[in-house]
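Asker: Handing over my_file20.txt, compact mmCIF, C-alpha atoms and all ligand atoms.
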# COMPACT_ATOMS: atom_id res chain seq x y z
CA MET A 71 117.50 -13.59 103.11
CA THR A 72 114.98 -13.79 100.24
CA GLU A 73 111.57 -12.16 100.57
CA GLN A 74 108.75 -14.65 100.71
CA THR A 75 104.98 -14.24 100.45
CA PRO A 76 103.55 -15.58 103.73
CA PRO A 77 101.83 -18.88 103.07
CA GLU A 78 98.04 -18.61 102.76
CA GLN A 79 96.05 -20.96 104.89
CA VAL A 80 92.77 -22.64 104.14
CA TYR A 81 90.47 -24.18 106.76
CA LEU A 82 89.94 -27.68 105.39
CA THR A 83 88.85 -29.90 108.25
CA PRO A 84 86.25 -28.72 110.79
CA THR A 85 86.51 -29.78 114.45
CA PRO A 86 83.84 -32.56 114.41
CA VAL A 87 85.61 -34.27 111.49
CA ARG A 88 88.97 -34.03 113.29
CA ILE A 89 87.47 -35.45 116.50
CA TRP A 90 85.90 -38.26 114.48
CA HIS A 91 89.16 -38.91 112.64
CA TRP A 92 91.44 -39.27 115.66
CA LEU A 93 88.88 -41.25 117.70
CA ASN A 94 88.41 -43.50 114.69
CA ALA A 95 92.19 -43.85 114.15
CA LEU A 96 92.72 -44.77 117.82
CA GLY A 97 89.82 -47.23 117.61
CA ILE A 98 90.98 -48.90 114.39
CA VAL A 99 94.61 -49.22 115.56
CA THR A 100 93.36 -50.74 118.86
CA LEU A 101 91.10 -53.10 116.87
CA CYS A 102 94.05 -54.22 114.73
CA VAL A 103 96.38 -54.87 117.70
CA THR A 104 93.77 -56.61 119.86
CA GLY A 105 92.53 -58.45 116.78
CA ILE A 106 96.01 -59.96 116.26
CA GLN A 107 95.86 -61.46 119.77
CA ILE A 108 92.29 -62.70 119.28
CA ARG A 109 93.08 -64.29 115.91
CA PHE A 110 96.54 -65.65 116.82
CA PRO A 111 96.47 -66.20 120.61
CA GLU A 112 99.25 -68.79 120.41
CA TYR A 113 101.71 -66.23 118.91
CA ALA A 114 100.63 -62.91 120.40
CA ASN A 115 99.90 -62.21 124.04
CA ILE A 116 99.87 -58.42 124.12
CA PHE A 117 97.13 -57.66 126.65
CA GLY A 118 97.66 -60.39 129.23
CA THR A 119 94.59 -62.54 129.00
CA TYR A 120 92.51 -63.49 125.96
CA LYS A 121 89.46 -62.09 127.75
CA ALA A 122 91.17 -58.69 128.21
CA ALA A 123 91.94 -58.53 124.47
CA ILE A 124 88.30 -59.29 123.61
CA ARG A 125 87.04 -56.67 126.07
CA LEU A 126 89.31 -53.98 124.65
CA HIS A 127 88.41 -55.08 121.09
CA ASP A 128 84.70 -54.65 121.92
CA ILE A 129 85.26 -51.20 123.47
CA ALA A 130 87.30 -50.07 120.43
CA GLY A 131 84.60 -51.45 118.10
CA ILE A 132 81.89 -49.48 119.90
CA THR A 133 84.10 -46.35 119.79
CA VAL A 134 84.53 -46.74 116.00
CA SER A 135 80.77 -47.31 115.56
CA ILE A 136 79.78 -44.24 117.60
CA SER A 137 82.41 -42.03 115.95
CA PHE A 138 81.15 -43.22 112.53
CA LEU A 139 77.68 -41.94 113.51
CA LEU A 140 79.28 -38.59 114.43
CA TRP A 141 81.01 -38.47 111.01
CA ILE A 142 77.84 -39.28 109.06
CA PHE A 143 75.72 -36.86 111.15
CA TYR A 144 78.20 -34.05 110.60
CA TYR A 145 78.51 -34.54 106.83
CA LEU A 146 74.78 -35.23 106.19
CA VAL A 147 73.10 -32.81 108.58
CA VAL A 148 75.59 -30.04 109.38
CA ALA A 149 77.96 -29.64 106.40
CA ARG A 150 75.58 -31.17 103.81
CA ASN A 151 78.43 -31.62 101.34
CA ILE A 152 79.10 -35.34 101.65
CA ALA A 153 78.46 -36.01 97.95
CA LYS A 154 80.63 -33.11 96.79
CA VAL A 155 83.49 -34.07 99.09
CA TYR A 156 83.42 -37.86 98.96
CA VAL A 157 81.76 -39.06 95.74
CA PRO A 158 84.17 -39.33 92.78
CA THR A 159 83.02 -37.59 89.58
CA LEU A 160 83.20 -39.10 86.10
CA ALA A 161 86.23 -36.88 85.42
CA ASP A 162 87.90 -38.25 88.57
CA ILE A 163 87.44 -41.80 87.26
CA LYS A 164 88.29 -41.06 83.60
CA SER A 165 91.40 -38.92 84.04
CA GLY A 166 91.83 -37.77 87.66
CA LEU A 167 92.93 -41.17 88.96
CA PHE A 168 95.61 -41.50 86.29
CA GLN A 169 96.87 -37.91 86.70
CA GLN A 170 97.08 -38.27 90.45
CA ALA A 171 98.80 -41.66 90.27
CA PHE A 172 101.31 -40.20 87.79
CA PHE A 173 102.00 -37.45 90.29
CA TYR A 174 102.49 -39.82 93.25
CA PHE A 175 104.66 -42.29 91.32
CA PHE A 176 106.79 -39.87 89.23
CA ASN A 177 106.24 -36.13 89.48
CA TYR A 178 106.29 -36.04 93.29
CA PHE A 179 109.86 -37.39 93.23
CA LEU A 180 110.85 -34.76 90.62
CA GLY A 181 109.59 -32.00 92.95
CA LYS A 182 106.71 -31.05 90.63
CA ASP A 183 103.41 -29.56 91.83
CA ASN A 184 100.45 -31.63 92.92
CA PRO A 185 97.82 -31.39 90.13
CA HIS A 186 95.08 -31.07 92.77
CA THR A 187 94.55 -27.99 94.94
CA ALA A 188 92.46 -28.65 98.02
CA THR A 189 89.50 -26.39 98.84
CA PRO A 190 86.89 -27.01 101.59
CA ASP A 191 84.36 -28.36 99.05
CA ASN A 192 86.90 -30.18 96.90
CA LYS A 193 89.49 -31.22 99.41
CA PHE A 194 90.30 -34.69 98.09
CA ASN A 195 92.10 -35.59 94.88
CA ALA A 196 90.69 -38.42 92.73
CA ILE A 197 92.69 -41.17 94.52
CA GLN A 198 91.69 -39.88 97.96
CA LYS A 199 88.03 -39.65 96.88
CA VAL A 200 87.90 -43.23 95.60
CA THR A 201 89.80 -44.62 98.61
CA TYR A 202 87.92 -42.64 101.27
CA PHE A 203 84.58 -43.33 99.55
CA MET A 204 85.22 -47.09 99.65
CA THR A 205 86.50 -46.93 103.23
CA MET A 206 83.68 -44.82 104.65
CA PHE A 207 80.74 -46.20 102.66
CA LEU A 208 81.76 -49.85 102.39
CA LEU A 209 84.55 -50.99 104.73
CA ILE A 210 83.49 -49.22 107.93
CA PRO A 211 79.76 -50.10 107.66
CA LEU A 212 80.63 -53.74 106.87
CA VAL A 213 83.17 -54.10 109.68
CA VAL A 214 80.78 -52.44 112.16
CA VAL A 215 77.83 -54.67 111.18
CA SER A 216 79.92 -57.87 111.17
CA GLY A 217 81.48 -56.88 114.52
CA LEU A 218 78.09 -56.16 116.11
CA LEU A 219 76.82 -59.55 114.91
CA LEU A 220 79.90 -61.25 116.41
CA MET A 221 79.36 -59.44 119.72
CA ASN A 222 75.76 -60.71 119.87
CA ILE A 223 75.90 -64.22 118.46
CA ALA A 224 73.09 -65.70 120.59
CA PRO A 225 70.44 -62.98 120.19
CA LEU A 226 71.25 -62.40 116.51
CA ARG A 227 71.61 -66.11 115.62
CA ALA A 228 68.85 -66.04 112.98
CA TRP A 229 70.48 -63.14 111.11
CA ILE A 230 73.89 -64.81 111.23
CA ILE A 231 72.45 -67.99 109.71
CA ALA A 232 70.63 -65.91 107.07
CA ILE A 233 73.86 -64.30 105.82
CA GLY A 234 75.77 -67.60 105.56
CA GLY A 235 76.64 -68.77 109.08
CA ILE A 236 79.24 -68.08 111.73
CA LYS A 237 82.26 -69.30 109.73
CA PHE A 238 81.43 -66.99 106.84
CA LEU A 239 80.92 -64.11 109.28
CA VAL A 240 84.24 -64.71 111.08
CA ASP A 241 86.16 -64.98 107.78
CA ALA A 242 84.48 -61.87 106.35
CA HIS A 243 85.30 -59.88 109.51
CA TYR A 244 88.93 -61.04 109.31
CA LEU A 245 89.22 -60.12 105.60
CA LEU A 246 87.76 -56.68 106.34
CA ALA A 247 90.29 -56.26 109.15
CA CYS A 248 93.14 -57.13 106.73
CA SER A 249 91.77 -54.52 104.30
CA PHE A 250 91.81 -51.93 107.09
CA PHE A 251 95.39 -52.79 107.95
CA ALA A 252 96.42 -52.44 104.27
CA PHE A 253 94.49 -49.15 104.00
CA LEU A 254 96.14 -47.84 107.16
CA CYS A 255 99.71 -48.53 105.93
CA VAL A 256 99.09 -46.83 102.56
CA HIS A 257 97.05 -44.00 104.16
CA VAL A 258 99.76 -43.05 106.66
CA TYR A 259 102.46 -43.15 103.94
CA MET A 260 100.34 -41.04 101.53
CA ALA A 261 99.63 -38.57 104.35
CA THR A 262 103.38 -37.75 104.41
CA LEU A 263 103.30 -36.63 100.74
CA GLY A 264 102.22 -33.04 101.36
CA HIS A 265 104.47 -30.07 100.63
CA THR A 266 106.30 -31.05 103.84
CA PRO A 267 106.13 -34.54 105.41
CA PHE A 268 103.99 -33.27 108.31
CA ALA A 269 101.82 -30.71 106.46
CA HIS A 270 98.79 -33.03 106.23
CA PHE A 271 99.19 -34.27 109.82
CA ARG A 272 99.25 -30.68 111.03
CA GLN A 273 96.14 -29.99 108.95
CA MET A 274 94.35 -32.99 110.44
CA TRP A 275 95.22 -31.68 113.92
CA THR A 276 94.50 -27.92 113.53
CA GLY A 277 92.12 -27.95 110.54
CA TRP A 278 94.29 -25.44 108.65
CA GLU A 279 96.35 -26.33 105.59
CA LYS A 280 99.16 -24.04 104.42
CA MET A 281 98.79 -23.53 100.69
CA GLU A 282 101.83 -24.10 98.53
CA HIS A 283 102.95 -21.05 96.55
CA THR A 284 103.82 -21.92 93.02
CA GLY A 285 105.16 -19.70 90.27
C1 LIG B 301 97.43 -43.76 112.79
C2 LIG B 301 96.39 -43.64 112.03
C3 LIG B 301 96.09 -42.51 111.07
C4 LIG B 301 96.81 -41.41 110.70
C5 LIG B 301 98.20 -40.99 111.18
C6 LIG B 301 96.02 -40.67 109.73
C7 LIG B 301 96.37 -39.48 109.10
C8 LIG B 301 95.54 -38.71 108.32
C9 LIG B 301 95.86 -37.43 107.76
C10 LIG B 301 97.19 -36.73 107.96
C11 LIG B 301 94.80 -36.98 107.05
C12 LIG B 301 94.69 -35.65 106.28
C13 LIG B 301 95.32 -35.74 104.93
C14 LIG B 301 94.63 -36.64 103.98
O1 LIG B 301 93.41 -36.48 103.73
O2 LIG B 301 95.31 -37.55 103.48
C15 LIG B 301 93.77 -37.99 107.15
C16 LIG B 301 92.52 -37.89 106.58
C17 LIG B 301 91.59 -38.90 106.59
N1 LIG B 301 91.74 -40.15 107.16
FE1 LIG B 301 93.27 -40.72 108.33
N2 LIG B 301 94.84 -41.35 109.54
C18 LIG B 301 94.85 -42.47 110.33
C19 LIG B 301 93.86 -43.42 110.41
C20 LIG B 301 92.72 -43.43 109.64
C21 LIG B 301 91.75 -44.49 109.63
C22 LIG B 301 91.85 -45.76 110.47
C23 LIG B 301 90.78 -44.13 108.75
C24 LIG B 301 89.53 -44.87 108.32
C25 LIG B 301 89.29 -46.10 108.58
C26 LIG B 301 91.13 -42.85 108.20
C27 LIG B 301 90.37 -42.16 107.28
C28 LIG B 301 90.61 -40.88 106.87
C29 LIG B 301 89.69 -40.07 106.11
C30 LIG B 301 88.31 -40.51 105.58
C31 LIG B 301 90.28 -38.81 105.96
C32 LIG B 301 89.64 -37.59 105.32
C33 LIG B 301 88.74 -36.95 106.40
C34 LIG B 301 87.99 -35.70 105.96
O3 LIG B 301 88.65 -34.66 105.79
O4 LIG B 301 86.76 -35.80 105.75
N3 LIG B 301 92.31 -42.45 108.76
N4 LIG B 301 94.25 -39.03 107.92
So that I can check it, write out the structure of this file as structure tokens.

Answerer:
Amino acid sequence: MTEQTPPEQVYLTPTPVRIWHWLNALGIVTLCVTGIQIRFPEYANIFGTYKAAIRLHDIAGITVSISFLLWIFYYLVVARNIAKVYVPTLADIKSGLFQQAFFYFFNYFLGKDNPHTATPDNKFNAIQKVTYFMTMFLLIPLVVVSGLLLMNIAPLRAWIIAIGGIKFLVDAHYLLACSFFAFLCVHVYMATLGHTPFAHFRQMWTGWEKMEHTG
């Protein structure tokens, strides 16, 4: 048996962020599945009645909205590092994106090291930063606002007309939902690319990431 240095661990994801993440994941997956029945009722009858699908869709939408508030409160008021963690730097855009893509497309398959080492204040690589930034600051707010408008068509009629009408709102909400579905597929695949396939999942459950020992 060879002697090995025990793997160091770093606490990357605090409890409120993990609670937000898994509530949000459950909510978004439920929104996608119920959304399929609502959009294509003639092909998909997953939850019995159309009304049941809408009810569950509304509950999941409210869950995602409330958990988003928890996420923003935690990062803005408690951790106060939202910009450091989520906003890509110029170096991320100029070279980080390319380096990280090169790793995911080539070097990962050659068993080489990830060019990015996660720390609590710099836990995302350039690709994660750009993707999570767009998801959290653009996609989620837009899907929440469009969903809330669709849940309250009569009282918010004037606002719906002001942004382009009900057809525009329905199509925009559907396009956002498709973007979430695409994000989810890529996100879950990318989450398996840690030093073991479940390393990142474990981290998102316990908060602790085992650091890879190189050299
Ligand atoms: C079945 C669904 C999901 C699974 C299995 C999953 C898995 C993971 C894992 C393993 C991580 C940690 C590693 C990493 O950063 O890549 C993570 C982080 C993250 N995920 Fe997910 N995810 C899911 C759904 C979602 C959804 C629906 C969203 C947003 C709409 C999302 C947004 C994020 C964000 C923003 C982080 C970083 C959180 C932080 O540390 O601040 N995830 N996810």

Asker: At a cut-off of 8 Å and counting all atoms listed in the file, what residues surround ligand LIG 301 (chain B)? Please answer as a PyMOL selection string.

Answerer: chain A and resi 82-83+87-88+91-92+94-99+155-156+193-194+198+202-203+205-206+209-210+250+253-254+257-258+260-262+268-274

Asker: Using only C-alpha atoms, pick whichever of A:Glu78, A:Glu279, A:Glu112, A:Asp191 has the shortest atom-to-atom distance to Ile152 in chain A.

Answerer: A:Asp191

Asker: Using CA of Tyr174 in chain A and CA of Asn192 in chain A as the two end points, give the distance in Å to one decimal.

Answerer: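 Computing it gives 18.7 Å between the two atoms.
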
Asker: Set the distance at 12 Å and use only C-alpha atoms: which residues neighbour Arg109 in chain A once local chain neighbours fewer than 2 positions away are removed? I'd like the list as a PDB file with C-alpha atoms, in the frame of the given file.

Answerer:
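What ended up in part.pdb:
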ATOM      1  CA  LEU A 101      91.100 -53.100 116.870  1.00  0.00           C
ATOM      2  CA  CYS A 102      94.050 -54.220 114.730  1.00  0.00           C
ATOM      3  CA  VAL A 103      96.380 -54.870 117.700  1.00  0.00           C
ATOM      4  CA  THR A 104      93.770 -56.610 119.860  1.00  0.00           C
ATOM      5  CA  GLY A 105      92.530 -58.450 116.780  1.00  0.00           C
ATOM      6  CA  ILE A 106      96.010 -59.960 116.260  1.00  0.00           C
ATOM      7  CA  GLN A 107      95.860 -61.460 119.770  1.00  0.00           C
ATOM      8  CA  PRO A 111      96.470 -66.200 120.610  1.00  0.00           C
ATOM      9  CA  GLU A 112      99.250 -68.790 120.410  1.00  0.00           C
ATOM     10  CA  TYR A 113     101.710 -66.230 118.910  1.00  0.00           C
ATOM     11  CA  ALA A 114     100.630 -62.910 120.400  1.00  0.00           C
ATOM     12  CA  ASN A 115      99.900 -62.210 124.040  1.00  0.00           C
ATOM     13  CA  TYR A 120      92.510 -63.490 125.960  1.00  0.00           C
ATOM     14  CA  ALA A 123      91.940 -58.530 124.470  1.00  0.00           C
ATOM     15  CA  ILE A 124      88.300 -59.290 123.610  1.00  0.00           C
ATOM     16  CA  HIS A 127      88.410 -55.080 121.090  1.00  0.00           C
ATOM     17  CA  VAL A 240      84.240 -64.710 111.080  1.00  0.00           C
ATOM     18  CA  ASP A 241      86.160 -64.980 107.780  1.00  0.00           C
ATOM     19  CA  HIS A 243      85.300 -59.880 109.510  1.00  0.00           C
ATOM     20  CA  TYR A 244      88.930 -61.040 109.310  1.00  0.00           C
ATOM     21  CA  LEU A 245      89.220 -60.120 105.600  1.00  0.00           C
ATOM     22  CA  ALA A 247      90.290 -56.260 109.150  1.00  0.00           C
ATOM     23  CA  CYS A 248      93.140 -57.130 106.730  1.00  0.00           C
TER      24      CYS A 248
END

Asker: Grab the CA of Ala122 in chain A to CA of Ala224 in chain A distance for me, in Å with one decimal place.

Answerer: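 Interatomic distance here is 20.8 Å.
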
Asker: Between CA of Asp128 in chain A and CA of Thr201 in chain A, what distance in Å does the model show, to one decimal?

Answerer: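 Between CA of Asp128 in chain A and CA of Thr201 in chain A the gap is 25.9 Å.
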
Asker: If I wrap all listed atoms of range 130-138 of chain A in a box with edges along x, y and z and add 3 Å on each side, what are its centre and edge lengths in Å to one decimal, as lines of an AutoDock Vina configuration file?

Answerer:
center_x = 83.5
center_y = -46.7
center_z = 116.5
size_x = 13.5
size_y = 15.4
size_z = 13.9

Asker: Which residue out of A:Phe173, A:Thr85, A:Thr133, A:Ala149 has the minimum interatomic distance to Thr100 in chain A when all atoms listed in the file are used?

Answerer: A:Thr133

Asker: Restricting the calculation to only C-alpha atoms: of A:Ile129, A:Ile236, A:Leu180, A:Lys199, which residue gets closest to Ala161 in chain A?

Answerer: A:Lys199
